[in-house]
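Undergrad: Data file query_15.tsv (TSV, C-alpha atoms) is appended below.
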chain	number	residue	atom	x	y	z
A	65	MET	CA	3.01	16.08	-9.92
A	66	LEU	CA	2.72	12.54	-11.20
A	67	ASN	CA	3.36	13.87	-14.71
A	68	TYR	CA	6.77	15.20	-13.70
A	69	ILE	CA	7.71	12.25	-11.49
A	70	TRP	CA	6.72	9.72	-14.12
A	71	PHE	CA	8.60	11.46	-16.91
A	72	GLY	CA	11.48	12.28	-14.56
A	73	MET	CA	11.98	8.65	-13.57
A	74	MET	CA	12.15	7.51	-17.19
A	75	PHE	CA	14.38	10.42	-18.21
A	76	ILE	CA	16.82	9.82	-15.34
A	77	SER	CA	16.77	6.09	-16.10
A	78	VAL	CA	17.80	6.58	-19.71
A	79	VAL	CA	20.50	9.15	-18.85
A	80	ALA	CA	21.84	7.04	-15.98
A	81	GLY	CA	21.58	3.91	-18.13
A	82	ILE	CA	23.77	5.45	-20.85
A	83	PHE	CA	26.18	6.75	-18.22
A	84	THR	CA	26.54	3.45	-16.33
A	85	GLY	CA	26.38	1.22	-19.41
A	86	ASN	CA	23.11	-0.38	-18.24
A	87	ILE	CA	21.06	0.86	-21.18
A	88	ASP	CA	20.30	-2.67	-22.43
A	89	ALA	CA	18.93	-3.55	-18.99
A	90	VAL	CA	16.78	-0.39	-19.03
A	91	THR	CA	15.23	-1.37	-22.37
A	92	GLU	CA	14.65	-4.91	-21.20
A	93	ALA	CA	13.08	-3.72	-17.95
A	94	ALA	CA	10.66	-1.42	-19.80
A	95	ILE	CA	9.41	-4.21	-22.04
A	96	ASN	CA	9.37	-6.81	-19.30
A	97	MET	CA	7.52	-4.64	-16.79
A	98	ALA	CA	4.81	-3.80	-19.34
A	99	LYS	CA	4.18	-7.53	-19.52
A	100	VAL	CA	4.30	-7.95	-15.74
A	101	ALA	CA	1.73	-5.15	-15.27
A	102	VAL	CA	-0.79	-7.02	-17.42
A	103	GLU	CA	-0.06	-10.31	-15.66
A	104	ILE	CA	-0.68	-8.70	-12.26
A	105	SER	CA	-3.96	-7.15	-13.43
A	106	ILE	CA	-5.24	-10.36	-14.99
A	107	GLY	CA	-4.16	-12.29	-11.90
A	108	LEU	CA	-6.36	-10.00	-9.82
A	109	ILE	CA	-9.59	-10.97	-11.62
A	110	GLY	CA	-10.33	-14.09	-9.60
A	111	ILE	CA	-9.51	-12.64	-6.17
A	112	MET	CA	-11.40	-9.45	-7.04
A	113	ALA	CA	-14.47	-11.43	-8.06
A	114	LEU	CA	-14.34	-13.52	-4.86
A	115	TRP	CA	-14.14	-10.56	-2.48
A	116	LEU	CA	-16.54	-8.35	-4.40
A	117	GLY	CA	-19.06	-11.20	-4.25
A	118	ILE	CA	-18.62	-11.62	-0.50
A	119	MET	CA	-18.79	-7.84	-0.06
A	120	LYS	CA	-22.07	-7.73	-1.95
A	121	ILE	CA	-23.49	-10.26	0.52
A	122	ALA	CA	-22.17	-8.20	3.43
A	123	GLU	CA	-23.83	-5.13	1.94
A	124	ALA	CA	-27.16	-6.84	1.24
A	125	SER	CA	-27.31	-8.18	4.79
A	126	GLY	CA	-26.65	-4.75	6.31
A	127	LEU	CA	-23.31	-5.76	7.83
A	128	ILE	CA	-21.41	-2.95	6.10
A	129	ARG	CA	-23.80	-0.39	7.54
A	130	ILE	CA	-23.33	-1.79	11.05
A	131	ILE	CA	-19.54	-1.59	10.76
A	132	ALA	CA	-19.68	1.92	9.30
A	133	ARG	CA	-21.88	3.14	12.14
A	134	ALA	CA	-19.65	1.61	14.83
A	135	LEU	CA	-16.58	3.51	13.63
A	136	LYS	CA	-18.36	6.76	12.84
A	137	PRO	CA	-16.47	8.89	15.41
A	138	ILE	CA	-13.17	8.24	13.61
A	139	THR	CA	-14.36	8.22	10.03
A	140	VAL	CA	-16.30	11.50	10.10
A	141	ARG	CA	-13.05	13.27	11.02
A	142	LEU	CA	-10.89	11.53	8.45
A	143	PHE	CA	-13.44	11.68	5.63
A	144	PRO	CA	-15.62	14.72	6.31
A	145	ASP	CA	-16.96	14.92	2.75
A	146	VAL	CA	-18.42	11.39	2.81
A	147	PRO	CA	-21.97	11.09	4.22
A	148	GLU	CA	-21.72	9.15	7.46
A	149	ASP	CA	-23.70	6.07	6.49
A	150	HIS	CA	-22.50	5.92	2.89
A	151	PRO	CA	-21.36	2.40	1.86
A	152	ALA	CA	-17.88	3.81	1.09
A	153	ILE	CA	-17.22	4.10	4.81
A	154	GLY	CA	-17.95	0.41	5.34
A	155	SER	CA	-15.57	-0.60	2.54
A	156	ILE	CA	-12.86	1.75	3.81
A	157	VAL	CA	-13.10	0.30	7.32
A	158	LEU	CA	-12.98	-3.29	6.03
A	159	ASN	CA	-9.99	-2.46	3.81
A	160	MET	CA	-8.12	-1.03	6.79
A	161	ALA	CA	-9.00	-4.03	8.94
A	162	ALA	CA	-7.68	-6.35	6.23
A	163	ASN	CA	-4.49	-4.29	6.01
A	164	MET	CA	-3.97	-4.37	9.76
A	165	LEU	CA	-4.23	-8.14	9.77
A	166	GLY	CA	-1.84	-8.44	6.84
A	167	LEU	CA	-4.51	-9.87	4.52
A	168	GLY	CA	-3.14	-8.31	1.32
A	169	ASN	CA	-5.30	-10.50	-0.93
A	170	ALA	CA	-8.48	-9.22	0.68
A	171	ALA	CA	-7.30	-5.65	1.21
A	172	THR	CA	-6.89	-4.72	-2.46
A	173	PRO	CA	-10.38	-5.75	-3.64
A	174	LEU	CA	-11.94	-4.06	-0.60
A	175	GLY	CA	-9.90	-0.92	-1.27
A	176	LEU	CA	-10.93	-0.81	-4.91
A	177	LYS	CA	-14.56	-1.20	-3.87
A	178	ALA	CA	-14.11	1.76	-1.55
A	179	MET	CA	-12.57	3.81	-4.39
A	180	GLU	CA	-15.54	3.01	-6.63
A	181	GLU	CA	-17.94	4.21	-3.95
A	182	LEU	CA	-15.88	7.35	-3.30
A	183	GLN	CA	-15.93	8.02	-7.04
A	184	GLU	CA	-19.76	8.12	-6.94
A	185	LEU	CA	-19.47	11.15	-4.67
A	186	ASN	CA	-16.85	12.81	-6.87
A	187	PRO	CA	-18.10	15.76	-8.95
A	188	LYS	CA	-14.95	15.83	-11.11
A	189	LYS	CA	-14.34	12.28	-12.27
A	190	ASP	CA	-10.69	12.56	-13.36
A	191	THR	CA	-9.55	14.37	-10.20
A	192	ALA	CA	-8.98	12.83	-6.77
A	193	THR	CA	-11.16	14.08	-3.90
A	194	ASN	CA	-9.80	14.90	-0.43
A	195	SER	CA	-11.26	11.66	0.91
A	196	MET	CA	-9.64	9.60	-1.84
A	197	VAL	CA	-6.22	11.08	-1.12
A	198	MET	CA	-6.69	10.52	2.62
A	199	PHE	CA	-7.72	6.92	2.01
A	200	LEU	CA	-4.77	6.33	-0.29
A	201	ALA	CA	-2.25	7.91	2.09
A	202	ILE	CA	-3.44	5.81	5.02
A	203	ASN	CA	-3.22	2.76	2.79
A	204	THR	CA	0.31	3.38	1.55
A	205	SER	CA	1.55	4.10	5.06
A	206	SER	CA	0.33	0.57	5.91
A	207	VAL	CA	-1.18	0.17	9.35
A	208	GLN	CA	-0.03	-3.35	10.11
A	209	LEU	CA	-0.39	-5.36	13.30
A	210	ILE	CA	1.21	-8.48	11.92
A	211	VAL	CA	4.78	-8.90	10.74
A	212	PRO	CA	4.48	-9.97	7.08
A	213	ALA	CA	4.88	-13.72	6.53
A	214	THR	CA	7.75	-13.11	4.11
A	215	VAL	CA	9.66	-11.20	6.81
A	216	VAL	CA	8.98	-13.92	9.39
A	217	ALA	CA	10.35	-16.52	6.99
A	218	LEU	CA	13.43	-14.41	6.30
A	219	MET	CA	14.25	-13.29	9.83
A	220	GLY	CA	13.50	-16.54	11.66
A	221	ALA	CA	13.71	-16.21	15.46
A	222	THR	CA	14.59	-12.50	15.20
A	223	ALA	CA	11.15	-11.76	13.72
A	224	SER	CA	9.52	-11.35	17.14
A	225	GLN	CA	12.05	-8.64	18.03
A	226	ILE	CA	10.89	-6.38	15.22
A	227	PHE	CA	7.19	-6.75	16.09
A	228	LEU	CA	7.15	-3.67	18.32
A	229	THR	CA	9.46	-1.54	16.15
A	230	THR	CA	7.30	-2.29	13.11
A	231	ILE	CA	4.11	-1.19	14.86
A	232	LEU	CA	5.75	2.00	16.18
A	233	ALA	CA	7.26	2.89	12.80
A	234	THR	CA	3.98	2.24	11.01
A	235	LEU	CA	2.18	4.39	13.58
A	236	VAL	CA	4.56	7.28	12.90
A	237	SER	CA	4.13	6.97	9.13
A	238	THR	CA	0.33	6.76	9.37
A	239	ILE	CA	0.06	9.80	11.65
A	240	THR	CA	2.43	11.69	9.34
A	241	ALA	CA	0.27	10.69	6.37
A	242	ILE	CA	-2.94	11.95	8.01
A	243	VAL	CA	-1.42	15.25	9.12
A	244	ILE	CA	0.34	15.95	5.83
A	245	VAL	CA	-2.81	15.20	3.81
A	246	LYS	CA	-4.82	17.62	5.94
A	247	VAL	CA	-2.15	20.30	5.49
A	248	LEU	CA	-1.59	19.80	1.75
A	249	GLU	CA	-5.29	19.64	0.82
A	250	LYS	CA	-5.66	23.28	1.85
A	251	MET	CA	-2.78	24.44	-0.34
A	252	LYS	CA	-3.64	26.26	-3.55
A	253	ARG	CA	-1.28	24.29	-5.76
A	254	PHE	CA	-3.02	21.04	-4.79
A	255	SER	CA	-6.58	22.40	-5.05
A	256	VAL	CA	-9.15	20.64	-7.25
A	257	GLU	CA	-9.12	23.60	-9.70
A	258	ASN	CA	-5.34	23.52	-10.19
A	259	ALA	CA	-5.15	19.72	-10.04
A	260	SER	CA	-2.47	17.88	-11.93
B	278	MET	CA	5.43	-11.63	26.41
B	279	ILE	CA	5.98	-10.19	22.95
B	280	GLU	CA	6.77	-13.66	21.59
B	281	SER	CA	3.41	-14.98	22.72
B	282	ILE	CA	1.51	-11.99	21.28
B	283	VAL	CA	3.30	-12.36	17.94
B	284	GLY	CA	2.75	-16.09	17.98
B	285	GLY	CA	-0.91	-15.68	18.80
B	286	LEU	CA	-1.54	-13.05	16.13
B	287	ASN	CA	0.25	-15.02	13.43
B	288	ALA	CA	-1.45	-18.26	14.43
B	289	GLY	CA	-4.86	-16.56	14.49
B	290	ALA	CA	-4.34	-14.91	11.10
B	291	LYS	CA	-4.83	-18.10	9.13
B	292	TYR	CA	-8.40	-18.45	10.41
B	293	ILE	CA	-9.55	-14.95	9.50
B	294	ILE	CA	-10.13	-15.43	5.77
B	295	PRO	CA	-12.03	-18.74	6.08
B	296	LEU	CA	-14.09	-17.24	8.93
B	297	LEU	CA	-15.00	-14.20	6.81
B	298	LEU	CA	-15.81	-16.36	3.78
B	299	VAL	CA	-18.27	-18.42	5.79
B	300	GLY	CA	-19.29	-15.93	8.51
B	301	ILE	CA	-20.64	-13.19	6.24
B	302	PRO	CA	-22.90	-15.52	4.18
B	303	PHE	CA	-23.93	-17.26	7.42
B	304	TYR	CA	-25.17	-13.99	8.94
B	305	ALA	CA	-26.83	-13.00	5.66
B	306	ILE	CA	-28.69	-16.27	5.10
B	307	THR	CA	-29.77	-16.98	8.69
B	308	VAL	CA	-30.54	-13.50	10.01
B	309	LYS	CA	-31.50	-11.54	6.90
B	310	LYS	CA	-32.64	-14.33	4.54
B	311	VAL	CA	-30.42	-12.97	1.75
B	312	LYS	CA	-30.21	-15.08	-1.43
B	313	VAL	CA	-26.47	-15.47	-0.94
B	314	TYR	CA	-25.57	-17.32	-4.15
B	315	GLU	CA	-27.39	-14.87	-6.42
B	316	VAL	CA	-26.03	-11.83	-4.59
B	317	PHE	CA	-22.47	-13.24	-4.66
B	318	VAL	CA	-22.54	-13.72	-8.42
B	319	GLU	CA	-23.99	-10.26	-8.89
B	320	GLY	CA	-21.11	-8.69	-6.96
B	321	ALA	CA	-18.40	-10.91	-8.46
B	322	LYS	CA	-19.26	-9.69	-11.97
B	323	ASP	CA	-17.37	-6.45	-11.36
B	324	GLY	CA	-14.09	-8.30	-10.72
B	325	PHE	CA	-13.23	-8.52	-14.39
B	326	THR	CA	-13.97	-4.92	-15.37
B	327	ILE	CA	-12.05	-3.47	-12.44
B	328	ALA	CA	-8.99	-5.67	-13.03
B	329	VAL	CA	-8.91	-4.80	-16.73
B	330	ARG	CA	-9.42	-1.08	-16.07
B	331	ILE	CA	-6.21	-0.99	-14.00
B	332	ILE	CA	-3.97	-2.23	-16.84
B	333	PRO	CA	-2.93	1.08	-18.51
B	334	TYR	CA	-2.15	2.75	-15.17
B	335	LEU	CA	-0.14	-0.19	-13.93
B	336	VAL	CA	1.81	-0.43	-17.21
B	337	ALA	CA	2.73	3.27	-16.96
B	338	ILE	CA	3.94	3.07	-13.35
B	339	LEU	CA	5.65	-0.32	-13.45
B	340	VAL	CA	7.55	0.47	-16.67
B	341	ALA	CA	8.94	3.69	-15.16
B	342	VAL	CA	9.83	1.91	-11.90
B	343	GLY	CA	11.43	-1.02	-13.76
B	344	MET	CA	13.56	1.30	-15.93
B	345	PHE	CA	14.65	3.24	-12.87
B	346	ARG	CA	15.70	0.10	-11.02
B	347	ALA	CA	17.59	-1.32	-14.00
B	348	SER	CA	19.43	1.93	-14.79
B	349	GLY	CA	21.56	1.99	-11.66
B	350	ALA	CA	20.29	5.49	-10.87
B	351	LEU	CA	19.58	4.33	-7.32
B	352	ASP	CA	23.30	3.62	-6.73
B	353	LEU	CA	24.24	7.05	-8.09
B	354	LEU	CA	21.73	8.67	-5.75
B	355	LEU	CA	23.14	6.60	-2.90
B	356	ASN	CA	26.74	7.77	-3.44
B	357	PHE	CA	25.46	11.29	-3.47
B	358	LEU	CA	23.43	10.94	-0.26
B	359	ALA	CA	25.72	8.72	1.84
B	360	PRO	CA	27.80	11.50	3.49
B	361	VAL	CA	24.67	13.42	4.55
B	362	LEU	CA	23.10	10.28	6.01
B	363	ASN	CA	26.17	9.30	7.96
B	364	PHE	CA	26.11	12.73	9.48
B	365	VAL	CA	22.51	12.40	10.77
B	366	GLY	CA	22.98	8.81	11.98
B	367	PHE	CA	20.95	7.04	9.29
B	368	PRO	CA	22.88	3.89	8.31
B	369	PRO	CA	23.72	4.11	4.55
B	370	GLU	CA	23.39	0.31	4.36
B	371	ASN	CA	19.63	0.74	4.88
B	372	LEU	CA	19.16	3.54	2.36
B	373	PRO	CA	18.69	1.38	-0.78
B	374	LEU	CA	15.82	-0.41	0.96
B	375	ALA	CA	14.25	2.86	2.15
B	376	LEU	CA	14.38	4.25	-1.40
B	377	MET	CA	13.20	1.01	-3.00
B	378	ARG	CA	10.27	0.37	-0.65
B	379	PRO	CA	7.80	2.85	-2.27
B	380	LEU	CA	8.82	1.69	-5.75
B	381	SER	CA	8.74	-2.08	-5.68
B	382	GLY	CA	7.63	-4.81	-3.28
B	383	SER	CA	9.71	-7.59	-4.82
B	384	GLY	CA	12.71	-5.25	-5.21
B	385	SER	CA	12.67	-4.23	-1.56
B	386	LEU	CA	12.19	-7.84	-0.42
B	387	GLY	CA	15.28	-8.70	-2.48
B	388	LEU	CA	17.26	-5.96	-0.75
B	389	LEU	CA	16.09	-7.16	2.67
B	390	THR	CA	17.21	-10.69	1.76
B	391	ASP	CA	20.63	-9.26	0.83
B	392	LEU	CA	20.90	-7.52	4.21
B	393	VAL	CA	20.02	-10.75	6.07
B	394	ASN	CA	22.47	-12.81	4.01
B	395	GLU	CA	25.28	-10.32	4.32
B	396	TYR	CA	25.01	-9.21	7.94
B	397	GLY	CA	22.81	-11.92	9.53
B	398	ALA	CA	19.22	-11.69	10.81
B	399	ASP	CA	20.61	-10.65	14.20
B	400	SER	CA	22.34	-7.54	12.86
B	401	MET	CA	20.99	-4.03	13.35
B	402	TYR	CA	20.94	-3.52	9.55
B	403	ALA	CA	18.61	-6.50	9.09
B	404	LYS	CA	16.35	-5.46	11.96
B	405	ILE	CA	16.05	-1.91	10.65
B	406	GLY	CA	15.49	-3.27	7.15
B	407	ALA	CA	12.77	-5.68	8.28
B	408	THR	CA	11.06	-2.90	10.24
B	409	MET	CA	11.12	-0.63	7.19
B	410	PHE	CA	9.75	-3.39	5.01
B	411	GLY	CA	6.91	-4.22	7.40
B	412	SER	CA	5.95	-0.65	8.19
B	413	SER	CA	5.47	0.67	4.67
B	414	GLU	CA	3.72	-0.11	1.41
B	415	THR	CA	4.58	0.10	-2.28
B	416	THR	CA	3.26	3.64	-2.68
B	417	PHE	CA	3.59	3.88	-6.48
B	418	TYR	CA	1.83	0.56	-7.03
B	419	VAL	CA	-1.04	1.38	-4.68
B	420	LEU	CA	-1.45	4.80	-6.30
B	421	ALA	CA	-1.59	3.30	-9.80
B	422	VAL	CA	-3.99	0.51	-8.87
B	423	TYR	CA	-6.37	2.50	-6.64
B	424	PHE	CA	-6.64	5.61	-8.79
B	425	GLY	CA	-6.47	3.57	-11.99
B	426	SER	CA	-9.46	1.48	-11.00
B	427	VAL	CA	-11.74	4.54	-11.13
B	428	GLY	CA	-9.96	6.44	-13.89
B	429	ILE	CA	-8.41	9.20	-11.77
B	430	THR	CA	-5.47	10.82	-13.57
B	431	ARG	CA	-5.13	14.00	-11.50
B	432	SER	CA	-3.83	12.69	-8.19
B	433	ARG	CA	-3.33	16.10	-6.49
B	434	HIS	CA	-1.37	15.78	-3.23
B	435	ALA	CA	-1.53	11.97	-3.03
B	436	LEU	CA	2.06	11.25	-4.09
B	437	ALA	CA	3.58	14.06	-2.04
B	438	ALA	CA	1.74	12.86	1.07
B	439	GLY	CA	2.52	9.18	0.43
B	440	LEU	CA	6.24	9.78	-0.04
B	441	THR	CA	6.48	12.07	3.00
B	442	ALA	CA	4.84	9.37	5.12
B	443	ASP	CA	7.26	6.78	3.69
B	444	ALA	CA	10.22	8.97	4.62
B	445	ALA	CA	8.85	9.49	8.14
B	446	GLY	CA	8.33	5.73	8.48
B	447	ALA	CA	11.91	4.98	7.37
B	448	VAL	CA	13.38	7.47	9.85
B	449	ALA	CA	11.10	6.10	12.59
B	450	ALA	CA	12.28	2.54	11.80
B	451	VAL	CA	15.91	3.56	12.35
B	452	PHE	CA	15.04	5.51	15.48
B	453	PHE	CA	12.98	2.81	17.19
B	454	CYS	CA	15.37	-0.02	16.28
B	455	LYS	CA	18.34	1.88	17.69
B	456	LEU	CA	16.33	2.85	20.77
B	457	LEU	CA	14.75	-0.53	21.56
B	458	LEU	CA	17.07	-3.12	20.03
B	459	GLY	CA	20.45	-1.39	20.18
Would you mind giving the structure from this file in structure tokens?
TA:
Amino acid sequence: MLNYIWFGMMFISVVAGIFTGNIDAVTEAAINMAKVAVEISIGLIGIMALWLGIMKIAEASGLIRIIARALKPITVRLFPDVPEDHPAIGSIVLNMAANMLGLGNAATPLGLKAMEELQELNPKKDTATNSMVMFLAINTSSVQLIVPATVVALMGATASQIFLTTILATLVSTITAIVIVKVLEKMKRFSVENAS
Amino acid sequence: MIESIVGGLNAGAKYIIPLLLVGIPFYAITVKKVKVYEVFVEGAKDGFTIAVRIIPYLVAILVAVGMFRASGALDLLLNFLAPVLNFVGFPPENLPLALMRPLSGSGSLGLLTDLVNEYGADSMYAKIGATMFGSSETTFYVLAVYFGSVGITRSRHALAAGLTADAAGAVAAVFFCKLLLG
């Protein structure tokens, strides 16, 4: 699916760019974004190192295992193919906690650690497992308990009004994500054998 | 009531990271006698490899997203969809943000800023926009970074599920804002 979407976006961009006379901007965006992608990745190195270091301490002290065990009733249902005291569960839970609290800087490194641990359990290394897709879908639907600081700055006094609506909307999108993942993972066209 | 909860959460948030940075090593060194410095360095080593491994995936996704944004294709799509949206009660003013949200964080923040500047932070458009922004994530970016970091190229149903959830979130944002703030 990503193959078609990726190509489709570029194809539509070029056609629309010619049509609307924005083709110079399209070219510039392509070159500029390639540069931005590298800057983002390089910028991640320091924060990644910091959180991976702290996570290693949490793991060595047994904290991750304690957290994983505490949330077992939820995680065994969401991630049935991950053994219940596998370190991946601890990282997943910490990533979600960081997301809920709006700690984007901590959430990404924790999420990538979780992906690495899920990959250890993956028999087919280039294909996503059910648990990986579930984890990703919950992540992109963003379970947030805090209105992002940027929105607070922008909305001023009105920011407190959207606190409740944000939580309700995010709840709907997260539940949708979980249900749709469970439905789609059983479909033949999304099976590991037919994966694309 | 809600003001004090929001205030409390946002005021408490700034202590979480420092508490984690000191709390985890504190537990490790006092209770479990872990050699915290050595273990930290051991874990931190992976930071570089993971960050570098993401680069090709992020280049692929961000280039496509950047081209799409620059081409004006979003406006064409908008003209096409506006009549349908009006019919179901989804404000067309909020559609660019709903479509931009999965593609680009900075792009959607820009659109939210436009809504606030044009209609005011008190307007329904701005409230719906802010709710959409806060209740969703940049799906394409997360997909590229998370799968890229472990070399997954076959993403199966991840994108379909992510985009469906985004759409549900956007509709829910409109619904709850109209219901609770209208």
Undergrad: Enter the distance from atom CA of A:Ala259 to atom CA of B:Ser432, in Å, rounded to one decimal.
TA: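 It comes out at 7.4 Å.
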Undergrad: Restricting the calculation to only C-alpha atoms, which member of B:Val361, B:Ile306, B:Leu376, B:Leu355 is positioned closest to chain A?
TA: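 The shortest atom-to-atom distance to chain A comes from B:Ile306.
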Undergrad: Have a look at A:Leu228, A:Ala162, A:Met74, A:Ile210 and name the one nearest to B:Ala347; count only C-alpha atoms.
TA: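 Answer, going by the shortest atom-to-atom distance: A:Met74.
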Undergrad: Ranking A:Leu116, A:Gly166, A:Ala233, A:Ser155 by minimum distance to A:Ile131 and counting only C-alpha atoms, which one comes first?
TA: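 Closest residue, counting only C-alpha atoms: A:Ser155.
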Undergrad: In Å, with one decimal, what is the gap from atom CA of B:Ala350 to atom CA of A:Thr240?
TA: 27.7 Å
Undergrad: Find the distance between atom CA of A:Leu174 and atom CA of A:Ile121 and write it in Å to one decimal.
TA: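 Computing the Euclidean distance for atom CA of A:Leu174 and atom CA of A:Ile121 yields 13.2 Å.
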Undergrad: Would you please work out which residue, of A:Thr172, A:Val157, A:Ser105, A:Ile138, is nearest to chain B when using only C-alpha atoms?
TA: A:Ser105
Undergrad: Counting all atoms listed in the file, which residue out of A:Gly126, A:Pro147, A:Phe75, A:Ala101 sits closest to chain B?
TA: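 So, comparing all the options, the nearest one is A:Ala101.
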Undergrad: Would you mind listing what lies within 8 Å of B:Met344 as number ranges by chain, with all atoms listed in the file counted and same-chain residues fewer than 3 positions away left out?
TA: A: 73-74, 77-78, 89-91, 93-94; B: 340-341, 347-348
Undergrad: Set the distance at 8 Å and use all atoms listed in the file: which residues neighbour A:Asn194 once local chain neighbours fewer than 3 positions away are removed? I'd like the list as a count of residues only.
TA: 5
